[in-house]
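A.B. asks: Let me give you the structure first, and then I'll get to my questions.
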Amino acid sequence: MRNDRPLTLVSMNATVRVARPAPPKSVTMDSPAAEVMTDLRFKQPAIVDEQLSMDAAHAHMIQQGVRLLLVLNRERSLSGILTATDIAGERPLRLAEERRIRHADILVSDIMTPLDKLEAVTLSELQHARVGNVVATLALTGRQHAL
């Protein structure tokens with residue numbers, strides 16, 4: 001059995017200030033690239049199963065406050081990504097028309113960008129990069145996100 005000692009309690013006085021975080025730093029093109037990237041070693045990524053409906057994935061995006069989901073297969077390995085642009089673009093409408101299916105029957109796997117169509121930047125290169133390098137990479141690829 002554990003024998004943890006309780007913490008010391010103190011009385012509150014009439015003047016209590018609530019701490020607030022410092023305002024975010026301004027990011028410039030010369031800022032370290034890591035300042036605009038999400039490090040998934042420290043933050044849980046938003047993920048979705050490739051067999052989930054597109055509508056359910058969209059609801060998950062909204063709930064998580066993200067515009068990109070990592071898509072996992074049955075083995076829980078990365079099989080692609082799904083972005084808000086994928087959902088809001090023409091692909092779902094075209095797919096529903098081609099397959100003669102309802103919009104609600106479209107799966108994540110139907111509209112995601114599969115792994116073999118994705119590229120990534122190495123962590124070692126990113127550690128020495130600036131925001132301007134990330135912006136140039138996104139412009140080159142025509143994407144809004146980089147892995």
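By order in the structure tokens, chains are A, B, ...; within a chain, residues start at 1; ligands start at 1, following the order shown.
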Leaving out A:Glu125 and any residue of its chain fewer than 4 positions from it, which residues lie within 10 Å of it when counting only C-alpha atoms, given as a list in words?
C.D. replies: Ala33, Val121 and Ala129 of chain A
A.B. asks: Write out, as a PDB file, in the first residue's frame, the residues just selected, with C-alpha atoms.
C.D. replies:
ATOM      1  CA  ALA A  33      10.389  25.708 -39.421  1.00  0.00           C
ATOM      2  CA  VAL A 121      10.541  15.956 -45.388  1.00  0.00           C
ATOM      3  CA  ALA A 129      14.970  24.673 -42.067  1.00  0.00           C
TER       4      ALA A 129
END
A.B. asks: Which neighbours of stretch 74-78 of chain A fall inside 10 Å, counting only C-alpha atoms, when residues of the same chain fewer than 3 positions from it are skipped, and could you give them as a list in words?
C.D. replies: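 Near neighbours after the sequence-gap exclusion: Ile47, Val48, Asp49, Glu50, Gln51, Leu70, Val71, Ile81, Pro114 and Leu115 of chain A.
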A.B. asks: How would the residues just picked look written out with N, CA and C atoms as a CSV table (one decimal), in the first residue's frame?
C.D. replies:
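Saved the output as selection39.csv:
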chain,number,residue,atom,x,y,z
A,47,ILE,N,-6.4,10.9,-36.1
A,47,ILE,CA,-6.3,9.7,-37.0
A,47,ILE,C,-7.7,9.2,-37.3
A,48,VAL,N,-7.8,8.5,-38.4
A,48,VAL,CA,-9.1,7.9,-38.8
A,48,VAL,C,-8.9,6.6,-39.5
A,49,ASP,N,-9.8,5.7,-39.5
A,49,ASP,CA,-9.7,4.5,-40.1
A,49,ASP,C,-10.2,4.6,-41.6
A,50,GLU,N,-9.5,4.0,-42.5
A,50,GLU,CA,-9.8,4.1,-43.9
A,50,GLU,C,-11.1,3.6,-44.3
A,51,GLN,N,-11.8,2.8,-43.5
A,51,GLN,CA,-13.1,2.3,-43.8
A,51,GLN,C,-14.2,3.1,-43.2
A,70,LEU,N,-4.6,11.7,-40.4
A,70,LEU,CA,-3.8,10.6,-40.8
A,70,LEU,C,-4.7,9.4,-40.9
A,71,VAL,N,-4.6,8.7,-42.1
A,71,VAL,CA,-5.5,7.5,-42.3
A,71,VAL,C,-4.8,6.2,-42.0
A,81,ILE,N,-3.5,10.2,-46.2
A,81,ILE,CA,-4.0,11.4,-45.5
A,81,ILE,C,-5.3,11.8,-46.1
A,114,PRO,N,-3.5,8.5,-51.1
A,114,PRO,CA,-2.8,7.2,-50.6
A,114,PRO,C,-1.3,7.5,-50.3
A,115,LEU,N,-0.8,6.6,-49.5
A,115,LEU,CA,0.6,6.7,-49.0
A,115,LEU,C,1.6,6.8,-50.2
A.B. asks: Please list as a ChimeraX atom specification every residue within 6 Å of stretch 82-98 of chain A, counting only C-alpha atoms and excluding residues in the same chain fewer than 4 positions away.
C.D. replies: /A:67-69,103,112
A.B. asks: How many Å separate atom CA of A:Pro45 from atom CA of A:Ala19?
C.D. replies: 28.1 Å
A.B. asks: Write out as a VMD selection string all residues of chain A that DSSP puts in alpha helix (DSSP H) for this structure's backbone.
C.D. replies: chain A and resid 54 to 64 84 to 88 91 to 99 108 to 111 123 to 126 131 to 141
A.B. asks: For the atom pair atom CA of A:Ala104 and atom CA of A:His58, what is the interatomic distance in Å to one decimal place?
C.D. replies: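 Going from atom CA of A:Ala104 over to atom CA of A:His58, I get 11.3 Å.
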A.B. asks: Choose the residue, out of A:Leu118, A:Val27, A:Val134, A:Leu40, that has the smallest atom-to-atom separation from A:Gly80; count only C-alpha atoms.
C.D. replies: A:Leu118
A.B. asks: Rank nothing, just name the residue among A:Ile101, A:Ala120, A:Asn133, A:Leu7 nearest to A:Ala146, using only C-alpha atoms.
C.D. replies: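 Going through A:Ile101, A:Ala120, A:Asn133, A:Leu7 one by one, the smallest distance to A:Ala146 is for A:Ala120.
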A.B. asks: I need the strand (DSSP E) residues of chain A per DSSP on the backbone, written as an MDAnalysis selection string.
C.D. replies: chainID A and resid 47:49 68:72 78:83 113:114
A.B. asks: Would you save the residues of that selection, restricted to N, CA, C and O atoms, as a short mmCIF file (atom, residue, chain, number, x, y, z; two decimals), in the first residue's frame?
C.D. replies:
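Output (result34.cif):
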data_model
loop_
_atom_site.label_atom_id
_atom_site.label_comp_id
_atom_site.auth_asym_id
_atom_site.auth_seq_id
_atom_site.Cartn_x
_atom_site.Cartn_y
_atom_site.Cartn_z
N ILE A 47 -6.35 10.87 -36.11
CA ILE A 47 -6.32 9.71 -37.02
C ILE A 47 -7.74 9.24 -37.31
O ILE A 47 -8.68 9.54 -36.57
N VAL A 48 -7.85 8.49 -38.39
CA VAL A 48 -9.13 7.95 -38.80
C VAL A 48 -8.88 6.63 -39.52
O VAL A 48 -7.82 6.43 -40.13
N ASP A 49 -9.83 5.73 -39.45
CA ASP A 49 -9.75 4.45 -40.15
C ASP A 49 -10.16 4.64 -41.61
O ASP A 49 -11.11 5.37 -41.89
N LEU A 68 -6.58 18.06 -41.34
CA LEU A 68 -5.89 16.91 -41.90
C LEU A 68 -5.98 15.75 -40.92
O LEU A 68 -5.78 15.93 -39.72
N LEU A 69 -6.31 14.58 -41.45
CA LEU A 69 -6.34 13.36 -40.65
C LEU A 69 -5.35 12.37 -41.24
O LEU A 69 -5.24 12.23 -42.47
N LEU A 70 -4.60 11.70 -40.37
CA LEU A 70 -3.79 10.57 -40.82
C LEU A 70 -4.72 9.38 -40.94
O LEU A 70 -5.52 9.12 -40.03
N VAL A 71 -4.64 8.67 -42.05
CA VAL A 71 -5.53 7.53 -42.31
C VAL A 71 -4.78 6.23 -42.04
O VAL A 71 -3.70 6.02 -42.58
N LEU A 72 -5.36 5.39 -41.20
CA LEU A 72 -4.74 4.12 -40.85
C LEU A 72 -5.52 2.96 -41.46
O LEU A 72 -6.74 3.02 -41.60
N LEU A 78 0.02 3.63 -41.45
CA LEU A 78 -0.41 4.77 -42.26
C LEU A 78 -0.71 4.31 -43.67
O LEU A 78 0.11 3.66 -44.32
N SER A 79 -1.91 4.64 -44.15
CA SER A 79 -2.25 4.31 -45.53
C SER A 79 -2.47 5.55 -46.38
O SER A 79 -2.60 5.47 -47.59
N GLY A 80 -2.51 6.73 -45.73
CA GLY A 80 -2.68 7.97 -46.48
C GLY A 80 -3.08 9.10 -45.57
O GLY A 80 -3.01 8.99 -44.34
N ILE A 81 -3.51 10.21 -46.20
CA ILE A 81 -4.03 11.36 -45.45
C ILE A 81 -5.35 11.79 -46.07
O ILE A 81 -5.62 11.55 -47.25
N LEU A 82 -6.16 12.41 -45.25
CA LEU A 82 -7.42 12.99 -45.71
C LEU A 82 -7.44 14.44 -45.24
O LEU A 82 -7.23 14.72 -44.06
N THR A 83 -7.67 15.35 -46.18
CA THR A 83 -7.72 16.77 -45.82
C THR A 83 -9.13 17.31 -46.02
O THR A 83 -9.96 16.71 -46.70
N THR A 113 -5.67 10.76 -50.01
CA THR A 113 -4.45 10.68 -50.80
C THR A 113 -3.66 9.49 -50.25
O THR A 113 -3.26 9.50 -49.09
N PRO A 114 -3.48 8.45 -51.07
CA PRO A 114 -2.81 7.25 -50.56
C PRO A 114 -1.32 7.47 -50.31
O PRO A 114 -0.70 8.38 -50.87
#
